[in-house]
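Trainee: Below is the file model.cif, which contains mmCIF, C-alpha atoms.
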```cif
data_target
#
loop_
_atom_site.label_atom_id
_atom_site.label_comp_id
_atom_site.auth_asym_id
_atom_site.auth_seq_id
_atom_site.Cartn_x
_atom_site.Cartn_y
_atom_site.Cartn_z
CA MET A 181 26.19 -17.24 22.49
CA ASP A 182 25.78 -15.98 18.93
CA GLU A 183 27.86 -18.84 17.57
CA GLU A 184 25.36 -21.36 18.81
CA LEU A 185 22.43 -19.78 17.03
CA GLU A 186 21.14 -21.25 13.82
CA ILE A 187 18.76 -19.28 11.67
CA GLU A 188 16.38 -21.28 9.53
CA THR A 189 12.95 -21.11 7.93
CA LEU A 190 9.93 -23.05 9.06
CA ASP A 191 6.70 -23.76 7.19
CA PRO A 192 4.00 -23.85 9.88
CA ARG A 193 1.79 -26.10 7.74
CA GLU A 194 4.44 -28.76 7.24
CA ASP A 195 6.43 -28.67 10.45
CA VAL A 196 3.76 -29.28 13.08
CA ARG A 197 6.21 -29.66 15.95
CA GLY A 198 8.05 -26.48 15.03
CA ALA A 199 4.76 -24.64 14.68
CA ALA A 200 3.74 -25.70 18.18
CA GLU A 201 7.07 -24.47 19.55
CA VAL A 202 6.63 -21.14 17.78
CA LYS A 203 3.14 -20.84 19.19
CA GLU A 204 4.48 -21.38 22.70
CA LEU A 205 7.18 -18.73 22.20
CA LEU A 206 4.62 -16.25 20.90
CA ARG A 207 2.29 -16.92 23.78
CA ALA A 208 5.10 -16.20 26.24
CA SER A 209 5.40 -12.78 24.57
CA GLY A 210 1.65 -12.18 24.71
CA LEU A 211 1.07 -12.81 21.00
CA ASP A 212 -1.22 -15.15 19.09
CA VAL A 213 -0.26 -17.08 15.97
CA GLU A 214 -2.01 -15.58 12.99
CA THR A 215 -3.44 -18.02 10.52
CA ASP A 216 -2.26 -16.30 7.35
CA ILE A 217 1.47 -16.68 8.04
CA GLN A 218 3.12 -18.64 5.24
CA VAL A 219 6.60 -18.98 6.63
CA PHE A 220 8.52 -18.27 9.83
CA VAL A 221 12.15 -17.38 10.21
CA VAL A 222 13.32 -18.95 13.47
CA ALA A 223 16.51 -18.85 15.49
CA ARG A 224 17.45 -22.06 17.30
CA ASN A 225 19.79 -22.42 20.22
CA GLN A 226 20.72 -26.08 20.67
CA ARG A 227 17.69 -26.96 18.56
CA ARG A 228 15.31 -24.98 20.79
CA ILE A 229 13.48 -22.12 19.06
CA VAL A 230 14.39 -18.90 20.84
CA ALA A 231 13.16 -16.31 18.34
CA CYS A 232 10.73 -16.14 15.43
CA ALA A 233 9.34 -13.78 12.82
CA GLY A 234 6.39 -14.59 10.55
CA LEU A 235 5.82 -13.56 6.97
CA ALA A 236 2.37 -13.37 5.33
CA GLU A 237 3.00 -12.23 1.76
CA ASP A 238 4.41 -8.72 2.34
CA VAL A 239 3.54 -8.43 6.03
CA VAL A 240 5.93 -9.30 8.84
CA LYS A 241 4.23 -10.14 12.13
CA CYS A 242 4.36 -12.48 15.09
CA VAL A 243 7.91 -11.46 15.90
CA ALA A 244 9.09 -12.70 19.28
CA ILE A 245 12.38 -13.24 21.04
CA ALA A 246 12.74 -15.34 24.19
CA ALA A 247 13.41 -13.13 27.20
CA GLU A 248 16.96 -14.41 27.82
CA HIS A 249 18.00 -13.57 24.26
CA ARG A 250 16.74 -10.01 24.16
CA GLY A 251 19.30 -7.23 23.99
CA SER A 252 21.57 -9.28 21.74
CA LEU A 253 21.52 -8.54 18.05
CA LEU A 254 19.10 -11.35 17.35
CA ALA A 255 16.37 -9.04 16.05
CA LEU A 256 18.75 -7.77 13.36
CA LYS A 257 19.60 -11.31 12.30
CA LEU A 258 15.93 -12.25 12.10
CA MET A 259 14.96 -9.16 10.11
CA ASN A 260 17.95 -9.56 7.87
CA GLU A 261 16.82 -13.10 7.06
CA ILE A 262 13.22 -11.92 6.57
CA HIS A 263 14.35 -9.27 4.05
CA HIS A 264 16.24 -11.81 1.97
CA LEU A 265 13.57 -14.49 2.26
CA ALA A 266 10.84 -12.02 1.22
CA MET A 267 12.96 -10.90 -1.70
CA LYS A 268 13.25 -14.50 -2.89
CA ARG A 269 9.48 -14.72 -2.70
CA GLY A 270 9.17 -11.57 -4.80
CA GLN A 271 8.46 -9.06 -2.04
CA SER A 272 10.84 -6.18 -1.51
CA HIS A 273 8.35 -3.77 0.01
CA LEU A 274 7.50 -5.08 3.47
CA PHE A 275 5.12 -4.02 6.21
CA LEU A 276 5.49 -4.93 9.86
CA TYR A 277 3.09 -5.06 12.78
CA THR A 278 4.43 -4.56 16.26
CA LYS A 279 3.66 -3.11 19.66
CA PRO A 280 4.53 0.58 20.04
CA CYS A 281 7.21 -0.25 22.65
CA ASN A 282 9.24 -2.13 20.00
CA VAL A 283 9.25 0.59 17.34
CA THR A 284 12.81 1.69 18.13
CA LEU A 285 14.05 -1.89 17.85
CA PHE A 286 12.59 -2.27 14.35
CA GLU A 287 13.75 1.18 13.29
CA GLY A 288 17.20 -0.28 13.72
CA CYS A 289 16.23 -3.04 11.29
CA GLY A 290 15.29 -0.81 8.39
CA PHE A 291 11.62 -0.24 9.21
CA HIS A 292 9.92 3.14 9.42
CA LYS A 293 6.79 3.90 11.37
CA LEU A 294 3.56 4.61 9.49
CA VAL A 295 0.85 4.82 12.15
CA GLU A 296 0.24 3.87 15.74
CA VAL A 297 -2.96 2.92 17.49
CA LEU A 298 -2.12 4.37 20.86
CA GLY A 299 -0.61 1.79 23.17
CA ASN A 300 -1.84 -1.06 21.04
CA ALA A 301 -0.25 -1.64 17.64
CA CYS A 302 2.03 -0.01 15.11
CA LEU A 303 2.33 -0.45 11.37
CA MET A 304 5.79 0.09 9.85
CA GLU A 305 7.25 -0.29 6.35
CA ASN A 306 10.80 -1.08 5.24
CA THR A 307 11.45 2.06 3.26
CA PRO A 308 11.77 5.67 4.36
CA VAL A 309 10.11 6.93 1.18
CA GLY A 310 7.28 4.47 0.43
CA ILE A 311 4.30 6.38 1.78
CA LYS A 312 5.85 9.73 0.83
CA ASP A 313 6.24 8.71 -2.81
CA TYR A 314 2.69 7.39 -2.84
CA CYS A 315 1.28 10.62 -1.41
CA ASP A 316 3.33 12.65 -3.90
CA SER A 317 1.81 10.60 -6.72
CA LEU A 318 -1.68 11.30 -5.34
CA LYS A 319 -1.04 15.03 -5.06
CA ALA A 320 -1.04 15.26 -8.84
CA PHE A 321 -4.78 14.51 -8.67
CA ARG A 322 -5.68 17.26 -6.21
CA GLN A 323 -8.74 19.27 -7.20
CA PRO A 324 -9.89 22.70 -6.08
CA GLY A 325 -13.00 22.94 -3.91
CA ARG A 326 -14.16 23.30 -0.35
CA ARG A 327 -15.69 19.87 0.00
CA ILE A 328 -13.61 17.06 -1.44
CA GLY A 329 -15.17 13.63 -1.10
CA CYS A 330 -13.90 10.07 -1.20
CA VAL A 331 -15.48 6.65 -1.53
CA VAL A 332 -13.62 3.36 -1.36
CA LEU A 333 -15.20 0.46 -3.20
CA ASN A 334 -14.33 -3.18 -3.50
CA ALA A 335 -16.98 -3.33 -6.24
CA ASN A 336 -17.13 -7.10 -6.36
CA PRO A 337 -18.77 -6.50 -8.82
CA PHE A 338 -19.84 -2.91 -9.55
CA THR A 339 -23.63 -2.55 -9.04
CA LEU A 340 -26.29 0.10 -9.37
CA GLY A 341 -25.83 0.48 -5.60
CA HIS A 342 -22.28 1.77 -6.13
CA LEU A 343 -23.53 4.10 -8.85
CA HIS A 344 -26.18 5.40 -6.47
CA LEU A 345 -23.62 5.99 -3.72
CA VAL A 346 -21.34 7.91 -6.08
CA ARG A 347 -24.21 10.04 -7.40
CA GLN A 348 -25.45 10.85 -3.90
CA ALA A 349 -21.93 11.68 -2.74
CA LEU A 350 -21.38 13.99 -5.71
CA ARG A 351 -24.41 16.02 -4.69
CA LYS A 352 -22.67 16.76 -1.40
CA CYS A 353 -19.18 17.68 -2.60
CA ASP A 354 -17.21 19.61 -5.21
CA TRP A 355 -15.08 16.68 -6.35
CA LEU A 356 -15.13 12.96 -5.61
CA HIS A 357 -12.16 10.58 -5.48
CA VAL A 358 -13.20 6.97 -6.01
CA PHE A 359 -10.74 4.27 -4.91
CA VAL A 360 -11.03 0.62 -5.88
CA VAL A 361 -9.60 -1.93 -3.41
CA ALA A 362 -6.53 -3.41 -5.12
CA GLU A 363 -6.17 -6.66 -3.18
CA ASP A 364 -6.86 -9.57 -5.50
CA ALA A 365 -8.79 -11.64 -2.99
CA SER A 366 -12.28 -11.28 -4.40
CA ALA A 367 -14.46 -13.35 -6.72
CA ILE A 368 -13.99 -10.77 -9.46
CA SER A 369 -10.38 -9.93 -10.34
CA TYR A 370 -8.96 -6.52 -9.48
CA ALA A 371 -8.39 -5.66 -13.15
CA ASP A 372 -12.04 -6.40 -13.94
CA ARG A 373 -13.35 -4.61 -10.85
CA LEU A 374 -11.39 -1.50 -11.77
CA ASP A 375 -12.54 -1.68 -15.41
CA LEU A 376 -16.17 -2.07 -14.33
CA VAL A 377 -15.97 0.90 -11.97
CA ARG A 378 -14.43 3.04 -14.73
CA ALA A 379 -17.04 1.86 -17.23
CA GLY A 380 -19.93 2.27 -14.80
CA LEU A 381 -18.89 5.82 -13.88
CA ALA A 382 -17.86 6.91 -17.39
CA GLY A 383 -19.28 10.28 -18.37
CA ILE A 384 -19.91 11.42 -14.80
CA LYS A 385 -18.17 14.72 -14.19
CA ARG A 386 -16.29 15.91 -11.09
CA LEU A 387 -14.78 12.59 -10.16
CA THR A 388 -11.48 10.69 -10.41
CA VAL A 389 -11.25 6.90 -10.29
CA HIS A 390 -8.05 5.70 -8.62
CA GLY A 391 -6.63 2.22 -8.46
CA GLY A 392 -6.05 1.04 -4.90
CA SER A 393 -2.72 0.52 -3.15
CA ARG A 394 -1.08 -1.34 -0.29
CA TYR A 395 -1.88 1.68 1.86
CA LEU A 396 -5.67 1.50 1.59
CA ILE A 397 -7.76 -1.55 2.59
CA SER A 398 -5.11 -4.14 1.77
CA LYS A 399 -3.80 -7.21 3.52
CA ALA A 400 -1.13 -4.88 4.89
CA THR A 401 -3.39 -2.25 6.45
CA PHE A 402 -6.47 -4.34 7.18
CA PRO A 403 -5.51 -8.02 7.32
CA SER A 404 -8.60 -9.27 9.14
CA TYR A 405 -10.82 -8.11 6.30
CA PHE A 406 -9.27 -10.73 4.05
CA ILE A 407 -8.93 -13.61 6.53
CA LYS A 408 -11.93 -15.73 5.75
CA ASP A 409 -12.19 -17.75 8.92
CA ALA A 410 -11.65 -14.95 11.42
CA CYS A 411 -15.06 -14.49 12.93
CA VAL A 412 -13.95 -12.31 15.77
CA VAL A 413 -13.13 -8.78 14.83
CA GLU A 414 -10.71 -7.28 17.28
CA ALA A 415 -11.28 -3.78 18.50
CA CYS A 416 -8.40 -2.13 16.70
CA SER A 417 -8.29 -4.18 13.50
CA THR A 418 -9.90 -1.36 11.52
CA ALA A 419 -7.99 1.46 13.19
CA ILE A 420 -4.67 1.09 11.36
CA ASP A 421 -6.34 1.32 7.97
CA LEU A 422 -8.47 4.30 8.96
CA LEU A 423 -5.54 6.14 10.53
CA MET A 424 -3.50 5.59 7.36
CA PHE A 425 -6.33 7.18 5.42
CA ARG A 426 -6.59 10.09 7.78
CA ARG A 427 -2.91 10.75 8.19
CA TYR A 428 -1.67 10.26 4.61
CA ILE A 429 -4.27 9.77 1.90
CA ALA A 430 -6.80 12.40 2.98
CA PRO A 431 -4.21 15.20 3.36
CA ALA A 432 -2.55 14.29 0.04
CA LEU A 433 -5.80 14.80 -1.85
CA GLY A 434 -7.35 17.34 0.49
CA ILE A 435 -10.24 14.99 1.27
CA THR A 436 -12.77 16.45 3.71
CA HIS A 437 -15.58 13.89 3.50
CA ARG A 438 -15.68 10.12 3.24
CA PHE A 439 -18.94 8.62 2.00
CA ILE A 440 -20.13 5.16 2.92
CA GLY A 441 -23.23 3.13 2.18
CA ASN A 442 -25.05 1.89 5.25
CA GLU A 443 -24.45 -1.80 5.82
CA PRO A 444 -27.43 -4.00 6.60
CA PHE A 445 -25.79 -7.34 5.80
CA CYS A 446 -22.13 -7.79 6.63
CA ARG A 447 -21.04 -7.57 10.26
CA LEU A 448 -17.41 -6.74 9.53
CA THR A 449 -18.25 -4.00 7.04
CA ARG A 450 -20.73 -2.58 9.52
CA LYS A 451 -18.02 -2.54 12.17
CA TYR A 452 -15.66 -0.81 9.73
CA ASN A 453 -18.32 1.82 9.08
CA GLU A 454 -18.94 2.40 12.79
CA ASP A 455 -15.23 2.64 13.51
CA MET A 456 -14.87 5.15 10.72
CA PHE A 457 -16.78 7.75 12.71
CA GLU A 458 -14.48 7.19 15.65
CA TRP A 459 -11.12 7.24 13.86
CA LEU A 460 -11.78 9.81 11.14
CA GLU A 461 -13.85 12.33 13.08
CA ASN A 462 -12.19 12.17 16.50
CA VAL A 463 -10.51 15.55 17.04
CA SER A 464 -7.73 14.24 19.26
CA GLU A 465 -6.21 11.99 16.58
CA GLU A 466 -3.35 13.15 14.39
CA GLY A 467 -3.95 14.01 10.74
CA GLN A 468 -6.70 15.66 8.80
CA LEU A 469 -10.20 15.45 10.28
CA VAL A 470 -12.49 13.74 7.79
CA HIS A 471 -16.29 13.88 8.06
CA VAL A 472 -18.04 10.59 7.55
CA VAL A 473 -21.35 10.64 5.68
CA GLU A 474 -23.46 7.51 5.63
CA ILE A 475 -25.78 7.19 2.66
CA PRO A 476 -28.80 4.84 2.67
CA ARG A 477 -28.50 2.04 0.17
CA LEU A 478 -30.32 1.93 -3.11
CA GLU A 479 -33.30 -0.39 -2.95
CA VAL A 480 -34.68 -2.32 -5.88
CA ALA A 481 -38.05 -4.03 -5.40
CA GLY A 482 -37.90 -3.31 -1.68
CA ARG A 483 -34.45 -4.86 -1.13
CA ALA A 484 -31.12 -3.14 -0.62
CA VAL A 485 -28.86 -3.76 -3.61
CA SER A 486 -25.77 -5.73 -2.64
CA ALA A 487 -22.83 -7.14 -4.55
CA GLY A 488 -23.17 -10.31 -2.50
CA GLU A 489 -26.66 -10.80 -3.92
CA VAL A 490 -25.29 -10.23 -7.43
CA ARG A 491 -22.68 -12.94 -6.83
CA ARG A 492 -25.35 -15.34 -5.62
CA LEU A 493 -27.33 -14.67 -8.80
CA LEU A 494 -24.15 -15.21 -10.79
CA ALA A 495 -23.61 -18.59 -9.13
CA ARG A 496 -27.15 -19.55 -10.10
CA GLY A 497 -26.71 -18.14 -13.60
CA ASP A 498 -29.72 -15.86 -13.11
CA PHE A 499 -28.76 -12.98 -15.40
CA VAL A 500 -32.38 -11.83 -15.79
CA THR A 501 -32.78 -10.85 -12.14
CA MET A 502 -29.22 -9.54 -12.14
CA ALA A 503 -30.04 -7.07 -14.91
CA SER A 504 -32.12 -5.03 -12.45
CA LEU A 505 -29.18 -4.71 -10.02
CA VAL A 506 -26.15 -3.92 -12.18
CA PRO A 507 -25.34 -1.57 -15.06
CA PRO A 508 -25.16 -3.12 -18.57
CA THR A 509 -21.35 -2.99 -18.54
CA THR A 510 -21.17 -5.19 -15.44
CA LEU A 511 -23.78 -7.57 -16.79
CA ALA A 512 -21.87 -8.01 -20.05
CA CYS A 513 -18.57 -8.65 -18.28
CA LEU A 514 -20.03 -11.21 -15.87
CA ARG A 515 -21.79 -13.01 -18.70
CA ALA A 516 -18.64 -13.16 -20.79
CA LYS A 517 -16.00 -13.97 -18.18
CA TYR A 518 -17.49 -15.25 -14.93
CA ARG A 519 -20.47 -17.31 -16.01
CA PHE A 520 -19.12 -20.71 -15.03
CA ARG A 521 -16.54 -19.62 -12.55
CA ALA A 522 -18.48 -18.22 -9.64
CA GLN A 523 -18.76 -20.29 -6.48
CA PRO A 524 -21.55 -19.56 -4.05
CA GLN A 525 -20.07 -18.05 -0.93
CA ALA A 526 -21.31 -19.00 2.47
CA ASP A 527 -19.96 -16.15 4.50
CA CYS A 528 -20.50 -12.54 3.73
CA ARG A 529 -17.04 -11.37 4.52
CA ALA A 530 -13.81 -12.12 2.90
CA SER A 531 -14.46 -11.10 -0.64
CA GLU A 532 -17.08 -8.57 0.14
CA ILE A 533 -17.65 -4.97 -0.69
CA ILE A 534 -16.58 -2.41 1.81
CA GLU A 535 -18.63 0.71 1.77
CA VAL A 536 -21.48 -0.43 -0.36
CA GLU A 537 -21.96 -4.07 -0.86
CA MET B 15 21.95 1.83 -16.59
CA HIS B 16 18.37 1.42 -15.43
CA ILE B 17 17.17 -0.70 -12.54
CA LYS B 18 14.95 -3.28 -14.22
CA LYS B 19 13.93 -5.42 -11.28
CA GLU B 20 13.92 -5.28 -7.52
CA ALA B 21 17.11 -6.54 -5.93
CA ILE B 22 18.73 -6.61 -2.54
CA CYS B 23 22.28 -6.93 -1.26
CA GLY B 24 24.02 -6.87 2.10
CA THR B 25 22.93 -7.43 5.69
CA LEU B 26 21.83 -5.47 8.73
CA GLU B 27 24.83 -6.63 10.75
CA SER B 28 27.17 -4.11 12.36
CA ASN B 29 29.72 -2.65 9.91
CA ASP B 30 27.58 -3.68 6.96
CA LEU B 31 24.63 -2.21 5.09
CA LEU B 32 21.51 -3.41 3.30
CA VAL B 33 20.97 -1.99 -0.18
CA LYS B 34 17.66 -2.32 -1.99
CA VAL B 35 17.11 -1.21 -5.56
CA VAL B 36 13.69 -0.82 -7.18
CA PRO B 37 12.69 0.25 -10.72
CA PHE B 38 11.66 3.91 -10.78
CA GLY B 39 11.17 6.73 -13.27
CA GLY B 40 13.91 9.00 -11.96
CA LEU B 41 16.90 8.42 -9.73
CA GLN B 42 16.10 8.54 -6.04
CA VAL B 43 18.51 7.70 -3.24
CA SER B 44 17.49 7.46 0.41
CA ILE B 45 19.92 6.66 3.16
CA SER B 46 19.31 5.76 6.79
CA SER B 47 22.34 5.21 8.96
CA GLU B 48 23.32 4.55 12.54
CA VAL B 49 26.06 7.12 12.07
CA MET B 50 24.12 9.63 9.99
CA ARG B 51 25.27 12.64 11.98
CA GLN B 52 28.96 11.88 11.80
CA PHE B 53 29.21 10.27 8.38
CA GLY B 54 25.92 10.92 6.55
CA ALA B 55 27.49 13.30 4.04
CA ARG B 56 30.40 10.95 3.33
CA ILE B 57 28.09 7.94 2.85
CA ARG B 58 26.01 9.96 0.41
CA GLU B 59 29.17 10.93 -1.46
CA VAL B 60 30.34 7.32 -1.81
CA VAL B 61 26.90 6.18 -2.97
CA ASP B 62 26.55 8.98 -5.51
CA GLU B 63 30.07 8.37 -6.82
CA THR B 64 29.42 4.66 -7.21
CA LEU B 65 26.12 5.22 -9.02
CA LYS B 66 27.77 7.75 -11.31
CA GLN B 67 30.64 5.41 -12.14
CA MET B 68 28.13 2.77 -13.10
CA ASN B 69 26.05 5.24 -15.07
CA VAL B 70 22.85 4.55 -13.14
CA SER B 71 20.24 7.07 -14.23
CA GLN B 72 17.00 5.42 -13.17
CA GLY B 73 16.01 3.55 -10.03
CA LYS B 74 15.09 3.90 -6.42
CA ILE B 75 18.01 3.11 -4.12
CA VAL B 76 17.22 2.51 -0.45
CA ILE B 77 20.11 2.10 1.95
CA GLU B 78 20.06 0.98 5.56
CA ASP B 79 23.57 1.47 6.87
CA LYS B 80 25.05 -0.02 10.03
CA GLY B 81 28.32 1.87 10.05
CA ALA B 82 29.94 0.25 7.01
CA LEU B 83 33.30 1.38 5.66
CA ASP B 84 33.47 3.13 2.27
CA CYS B 85 34.72 0.02 0.50
CA ALA B 86 31.81 -2.03 1.84
CA ILE B 87 29.31 0.63 0.81
CA ARG B 88 30.75 0.74 -2.68
CA ALA B 89 30.75 -3.04 -3.04
CA ARG B 90 27.20 -3.47 -1.76
CA VAL B 91 25.80 -0.71 -3.98
CA GLN B 92 27.59 -2.17 -7.01
CA ALA B 93 26.29 -5.66 -6.35
CA ALA B 94 22.70 -4.51 -5.78
CA VAL B 95 22.75 -2.41 -8.95
CA LEU B 96 24.22 -5.23 -11.04
CA ARG B 97 21.54 -7.60 -9.77
CA GLY B 98 18.81 -5.03 -10.38
CA CYS B 99 20.02 -4.30 -13.90
CA GLU B 100 20.27 -8.01 -14.73
CA CYS B 101 23.75 -7.25 -15.90
CA GLU B 102 25.50 -10.33 -17.30
CA GLU B 103 28.72 -8.88 -18.64
CA LEU B 104 30.72 -6.75 -16.27
CA ASP B 105 33.01 -3.92 -17.22
CA TRP B 106 35.51 -4.50 -14.44
CA SER B 107 37.60 -1.50 -15.40
CA VAL B 108 34.72 0.78 -14.41
CA LEU B 109 34.29 -0.96 -11.09
#
```
Do you think you could lay out the structure here as structure tokens?
Mentor:
Amino acid sequence: MDEELEIETLDPREDVRGAAEVKELLRASGLDVETDIQVFVVARNQRRIVACAGLAEDVVKCVAIAAEHRGSLLALKLMNEIHHLAMKRGQSHLFLYTKPCNVTLFEGCGFHKLVEVLGNACLMENTPVGIKDYCDSLKAFRQPGRRIGCVVLNANPFTLGHLHLVRQALRKCDWLHVFVVAEDASAISYADRLDLVRAGLAGIKRLTVHGGSRYLISKATFPSYFIKDACVVEACSTAIDLLMFRRYIAPALGITHRFIGNEPFCRLTRKYNEDMFEWLENVSEEGQLVHVVEIPRLEVAGRAVSAGEVRRLLARGDFVTMASLVPPTTLACLRAKYRFRAQPQADCRASEIIEVE
Amino acid sequence: MHIKKEAICGTLESNDLLVKVVPFGGLQVSISSEVMRQFGARIREVVDETLKQMNVSQGKIVIEDKGALDCAIRARVQAAVLRGCECEELDWSVL
């Protein structure tokens, strides 16, 4: 049977017929097509698609094999092709989403399990040392203290609200680790966001600013956060990211508390905040228990400060109003580099701030 | 030799192996194998020998083995390293 199989790639945007066939195959396996998949590897038997695996940048998902072809070595062939295809596209470090029952199958294809949302989904990566090396690199930044805090910011861009959150958090802990979301999917580039956070927090003692990683609020750990047209937030879409934090990042740095700004505007961020209590504080989950502390937002002139509002002001070119919402360093950067670039954004989500808007 | 860029070589088919090399400060080798218990030590030996022959001192080498023979392991590691080092001129006597 193997001889009759042809492995090829399929661009779901160009090959409409192929895409429909893939969709049918996925549905038969109880999976949906995800909109961010750029390319599929498919196996055809007499021109009929009998297996597929999707690639969205560095994430492998939507892997399905027709029932009558399971138990052959088709999964290996597919994953082999995915590895080489991803490499050609510049990705050697891959992540994979699958159901927990298929973990063993993918372990045979070079993937290693990171976390599992019980009975629902698993995140794996294609190296046995990826997360370990990352945690080892974090351990160098461990600080002594009983209460070690963490905030994760998208800081798109850094506002007085972020500064307020950091200051309030510092009052409640001995040391604070500040992470900046590394995914370059926001209005303000990652390099600028990181610079602005560093500049805005310069001179404040007892804190470390860290760049982000694939392991913390990225398209790998939290894809739905970055998919602009996904209005429905599935129940477990936040869980993988939060479990990664709890199982790997928090223990590496000895983090005991995670601080978040309350979220009056964005539904997805609010959901992420709510889920945080469940996944980080629940005693029955594996990994270090992390207390979640919600801090009320800074208000200026009776309104909660939000990065979304700052971006709207940027789109209008209203730097005078903006000056009351952001530190001088942010104002100067936006004036110099983003003045004519910003587009008003209709929805609050995709390029939004996580913990504090 | 230093690994300068990410490179990949091999397959996940039976009797073969997939070798990935990535730039890295030190030298780090990790091996997963279907036959780790029986042949893990020997695989490690072949990989280390090959890297030493090629004078590789920096890079992350990740190996997913499917029961390959020594000669296959050697060849795959060599090819991945040469790709990762962007090596144009080969010293065949070393290989």
Trainee: So which one's closest to chain A, B:Cys101, B:Met15, B:Ile45, B:Leu83? Using only C-alpha atoms, please.
Mentor: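 Closest to chain A of all the choices is B:Ile45.
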Trainee: From the list A:Leu265, A:Ile187, A:Val230, A:Ile440, which residue is nearest chain B when using only C-alpha atoms?
Mentor: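 Comparing A:Leu265, A:Ile187, A:Val230, A:Ile440 against chain B, the winner is A:Leu265.
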Trainee: Taking the file as I've supplied it (selection: the PyMOL selection byres ((chain B) within 6 of (chain A))), which residues are included? Please answer as a list in words.
Mentor: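 In the shown coordinates, the PyMOL selection byres ((chain B) within 6 of (chain A)) covers Thr25, Leu26 and Glu78 of chain B.
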Trainee: Suppose a student applies the PyMOL selection byres ((chain A and resi 352-368) around 6) to this structure; what residues should they get, written as a CSV table (one decimal) with C-alpha atoms, in the frame of the given file?
Mentor:
```csv
chain,number,residue,atom,x,y,z
A,325,GLY,CA,-13.0,22.9,-3.9
A,327,ARG,CA,-15.7,19.9,0.0
A,328,ILE,CA,-13.6,17.1,-1.4
A,329,GLY,CA,-15.2,13.6,-1.1
A,330,CYS,CA,-13.9,10.1,-1.2
A,331,VAL,CA,-15.5,6.6,-1.5
A,332,VAL,CA,-13.6,3.4,-1.4
A,333,LEU,CA,-15.2,0.5,-3.2
A,334,ASN,CA,-14.3,-3.2,-3.5
A,336,ASN,CA,-17.1,-7.1,-6.4
A,349,ALA,CA,-21.9,11.7,-2.7
A,350,LEU,CA,-21.4,14.0,-5.7
A,351,ARG,CA,-24.4,16.0,-4.7
A,369,SER,CA,-10.4,-9.9,-10.3
A,370,TYR,CA,-9.0,-6.5,-9.5
A,386,ARG,CA,-16.3,15.9,-11.1
A,387,LEU,CA,-14.8,12.6,-10.2
A,388,THR,CA,-11.5,10.7,-10.4
A,389,VAL,CA,-11.2,6.9,-10.3
A,390,HIS,CA,-8.0,5.7,-8.6
A,391,GLY,CA,-6.6,2.2,-8.5
A,392,GLY,CA,-6.0,1.0,-4.9
A,393,SER,CA,-2.7,0.5,-3.2
A,398,SER,CA,-5.1,-4.1,1.8
A,531,SER,CA,-14.5,-11.1,-0.6
```
Trainee: Enclose all atoms of region 461-464 of chain A listed in the file in an axis-aligned box, grow every side by 5 Å, and hand back centre and edge lengths in Å to one decimal, as JSON.
Mentor:
```
{"center_x": -10.8, "center_y": 13.9, "center_z": 16.2, "size_x": 16.1, "size_y": 13.4, "size_z": 16.2}
```
Trainee: Figure out the distance between CA of Glu474 (chain A) and CA of Gly341 (chain A), please, to one decimal in Å.
Mentor: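 One can read the CA of Gly341 (chain A) to CA of Glu474 (chain A) distance as 13.5 Å.
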